[in-house]
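The structure under discussion appears below in the form of structure tokens.
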Amino acid sequence: MREVELKSVVPDPDRAVAALRAAGAVPVLEGRLCDSRYDTADHGLLTRDHVLRLRVFSGAEGSRASLDWKGPTTLFDGYKVREELSTSIGDPDAFARILDRLGYVVIREIQRNISQFGFCGAIARVERYPRMDALVEIEGEPAAIEAAIAGAGLPRAGFTPERLQDFVVRFEARTGRRAALCDRELAGDYRYDANA
């Protein structure tokens with residue numbers, strides 16, 4: 001599957017959620033999204049721009065988990081594009097132990113509260129991190145992405161194909177505070193490589 005996306009800072013996430021609802025976006029998920037990114041000890045996946053991710057969502061709708069692989073990033077007409085493979089898994093704790101036994105290590109944790117919507121063939125997800133700017137990520141084909149941007153009521157100029165780390169760097173430069181992408185970092189434990 002091909003993943004096509006853009007991201008933007010959201011100055012007022014509640015307003016963006018309200019705008020999407022008013023535009024007719026269909027709520028899909030509301031709750032906590034936790035990613036654990038895995039790699040080999042020598043960062044062999046990161047070096048090749050591959051992502052191996054264990055993702056767990058929990059909310060009022062229940063819980064679900066997936067194992068995802070993403071290939072190298074390319075840019076096409078201003079959009080971020082990656083090949084992505086994903087499969088649902090039943091027991092994320094057991095799967096984390098399997099990855100550990102195979103020699104994979106967690107290189108990054110990302111935890112955020114999300115409001116996710118389906119809109120005009122795109123997925124729009126408003127993400128609130130422990131300590132960083134709120135973001136909106138929109139995935140879909142380019143025409144659907146553009147429709148969702150308009151539906152969210154956000155300026156098109158704010159959307160970029162940049163990586164999460166680019167938004168972290170700008171937040172830290174602007175505020176003088178260290179970003180926290182997970183609860184562990186919010187508590188002062190920055191064990192993971194910021195570039196992972």
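We name chains A, B, ... following the order of the structure tokens; residues begin at 1 in each chain, and ligands are numbered from 1 as shown.
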### Query
Leaving out A:Thr73 and any residue of its chain fewer than 5 positions from it, which residues lie within 9 Å of it when counting only C-alpha atoms, given as a list in words?
Asp49, His50, Lys80, Val81, Arg82 and Glu83 of chain A
Write out, as a Markdown table, each residue of stretch 165-186 of chain A that has an atom at most 10 Å from stretch 100-119 of chain A, together with the closest pair of atoms and their distance in Å to one decimal, counting only C-alpha atoms, rows going by chain and rising number.
| residue | atom | partner | partner_atom | distance |
| --- | --- | --- | --- | --- |
| A:Ala180 | CA | A:Ile110 | CA | 8.8 |
| A:Leu181 | CA | A:Ile110 | CA | 5.1 |
| A:Cys182 | CA | A:Gln111 | CA | 4.7 |
| A:Asp183 | CA | A:Gln111 | CA | 7.1 |
| A:Arg184 | CA | A:Glu109 | CA | 8.5 |
| A:Glu185 | CA | A:Glu109 | CA | 9.1 |
Resulting file, chosen residues, all heavy atoms, as an mmCIF file, in the first residue's frame:
data_model
loop_
_atom_site.group_PDB
_atom_site.id
_atom_site.type_symbol
_atom_site.label_atom_id
_atom_site.label_comp_id
_atom_site.auth_asym_id
_atom_site.auth_seq_id
_atom_site.Cartn_x
_atom_site.Cartn_y
_atom_site.Cartn_z
ATOM 1 N N ALA A 180 8.356 16.614 24.406
ATOM 2 C CA ALA A 180 8.142 15.286 24.976
ATOM 3 C C ALA A 180 7.111 14.586 24.099
ATOM 4 O O ALA A 180 5.963 15.015 24.020
ATOM 5 C CB ALA A 180 7.646 15.383 26.414
ATOM 6 N N LEU A 181 7.540 13.516 23.427
ATOM 7 C CA LEU A 181 6.644 12.774 22.541
ATOM 8 C C LEU A 181 6.009 11.578 23.226
ATOM 9 O O LEU A 181 5.188 10.888 22.630
ATOM 10 C CB LEU A 181 7.396 12.312 21.293
ATOM 11 C CG LEU A 181 7.966 13.419 20.411
ATOM 12 C CD1 LEU A 181 8.637 12.817 19.180
ATOM 13 C CD2 LEU A 181 6.896 14.411 20.004
ATOM 14 N N CYS A 182 6.409 11.328 24.488
ATOM 15 C CA CYS A 182 5.827 10.217 25.247
ATOM 16 C C CYS A 182 5.863 10.574 26.729
ATOM 17 O O CYS A 182 6.532 11.523 27.140
ATOM 18 C CB CYS A 182 6.577 8.910 24.975
ATOM 19 S SG CYS A 182 8.309 8.913 25.482
ATOM 20 N N ASP A 183 5.128 9.814 27.512
ATOM 21 C CA ASP A 183 5.066 10.070 28.956
ATOM 22 C C ASP A 183 6.435 9.938 29.611
ATOM 23 O O ASP A 183 6.761 10.674 30.542
ATOM 24 C CB ASP A 183 4.077 9.119 29.620
ATOM 25 C CG ASP A 183 2.645 9.364 29.165
ATOM 26 O OD1 ASP A 183 2.359 10.473 28.674
ATOM 27 O OD2 ASP A 183 1.817 8.438 29.297
ATOM 28 N N ARG A 184 7.254 9.021 29.135
ATOM 29 C CA ARG A 184 8.602 8.823 29.676
ATOM 30 C C ARG A 184 9.420 10.111 29.529
ATOM 31 O O ARG A 184 10.102 10.533 30.454
ATOM 32 C CB ARG A 184 9.276 7.670 28.924
ATOM 33 C CG ARG A 184 10.633 7.279 29.447
ATOM 34 C CD ARG A 184 11.290 6.215 28.550
ATOM 35 N NE ARG A 184 10.465 5.090 28.237
ATOM 36 C CZ ARG A 184 10.355 3.992 28.984
ATOM 37 N NH1 ARG A 184 11.011 3.908 30.121
ATOM 38 N NH2 ARG A 184 9.604 2.992 28.590
ATOM 39 N N GLU A 185 9.331 10.752 28.357
ATOM 40 C CA GLU A 185 10.067 12.001 28.145
ATOM 41 C C GLU A 185 9.480 13.138 28.974
ATOM 42 O O GLU A 185 10.221 13.979 29.474
ATOM 43 C CB GLU A 185 10.073 12.352 26.656
ATOM 44 C CG GLU A 185 10.928 11.408 25.843
ATOM 45 C CD GLU A 185 10.948 11.705 24.363
ATOM 46 O OE1 GLU A 185 10.110 12.498 23.879
ATOM 47 O OE2 GLU A 185 11.805 11.134 23.678
#
#### Entry: Among the residues A:Phe95, A:Tyr38, A:Tyr79, A:Phe57, the one that comes closest to A:Glu146 [using only C-alpha atoms]
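Looking at the shortest contact to A:Glu146, the residue is A:Tyr79.
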### Message
Let's see if you can do this: from backbone DSSP, list all alpha helix (DSSP H) residues in chain A, as a ChimeraX atom specification.
### Response
/A:13-22,44-47,92-101,142-152,164-175,183-186
### Task
Just the residues within 10 Å of A:Ala124, please, counting only C-alpha atoms, with nothing from its chain fewer than 2 positions along; format it as a ChimeraX atom specification.
/A:5-7,17,20,25-28,115-122,126-127,136-140,145,148-149,151-152
Could you write those residues out with C-alpha atoms, as a short mmCIF file (atom, residue, chain, number, x, y, z; two decimals), in the first residue's frame?
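Written out: part_32.cif:
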data_model
loop_
_atom_site.label_atom_id
_atom_site.label_comp_id
_atom_site.auth_asym_id
_atom_site.auth_seq_id
_atom_site.Cartn_x
_atom_site.Cartn_y
_atom_site.Cartn_z
CA GLU A 5 0.47 12.36 3.70
CA LEU A 6 0.99 15.91 4.87
CA LYS A 7 1.25 17.36 8.39
CA VAL A 17 -11.90 18.99 15.41
CA LEU A 20 -13.95 18.79 10.64
CA ALA A 25 -16.11 14.43 8.67
CA VAL A 26 -16.99 11.05 10.17
CA PRO A 27 -15.39 10.27 13.56
CA VAL A 28 -13.38 7.05 13.40
CA SER A 115 -9.23 12.49 17.20
CA GLN A 116 -9.35 10.71 13.83
CA PHE A 117 -11.88 11.29 11.06
CA GLY A 118 -12.74 9.99 7.62
CA PHE A 119 -13.37 12.83 5.19
CA CYS A 120 -13.75 12.78 1.40
CA GLY A 121 -11.63 9.64 1.06
CA ALA A 122 -8.87 10.89 3.39
CA VAL A 126 -5.57 15.60 15.14
CA GLU A 127 -2.74 14.62 17.51
CA VAL A 136 -2.90 17.29 12.16
CA GLU A 137 -1.84 14.50 9.83
CA ILE A 138 -3.86 13.90 6.68
CA GLU A 139 -3.44 10.73 4.61
CA GLY A 140 -5.02 9.80 1.32
CA ILE A 145 -5.89 15.42 1.24
CA ALA A 148 -9.61 17.43 4.15
CA ILE A 149 -7.29 20.42 4.61
CA GLY A 151 -12.54 20.88 5.79
CA ALA A 152 -10.22 21.33 8.79
#
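Distance annotation: of A:Thr87, A:Ala65, A:Ala147, A:Arg2, the residue with the minimal separation from A:Gly24 is A:Ala147; atom set is only C-alpha atoms.
Here atom CA of A:Ser36 and atom CA of A:Ala187 stand 17.5 Å from one another.
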#### Entry: For A:Leu186, the nearest of the candidates A:Arg37, A:Arg53, A:Arg156, A:Arg131, counting only C-alpha atoms
A:Arg131
## Note on the structure
The distance between atom CA of A:Thr175 and atom CA of A:Glu162 is 19.4 Å
#### Entry: Distance criterion (only C-alpha atoms): nearest to A:Asp166 out of A:Ala179, A:Leu46, A:Ala41, A:Ala16
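Smallest distance to A:Asp166 is found for A:Ala179.
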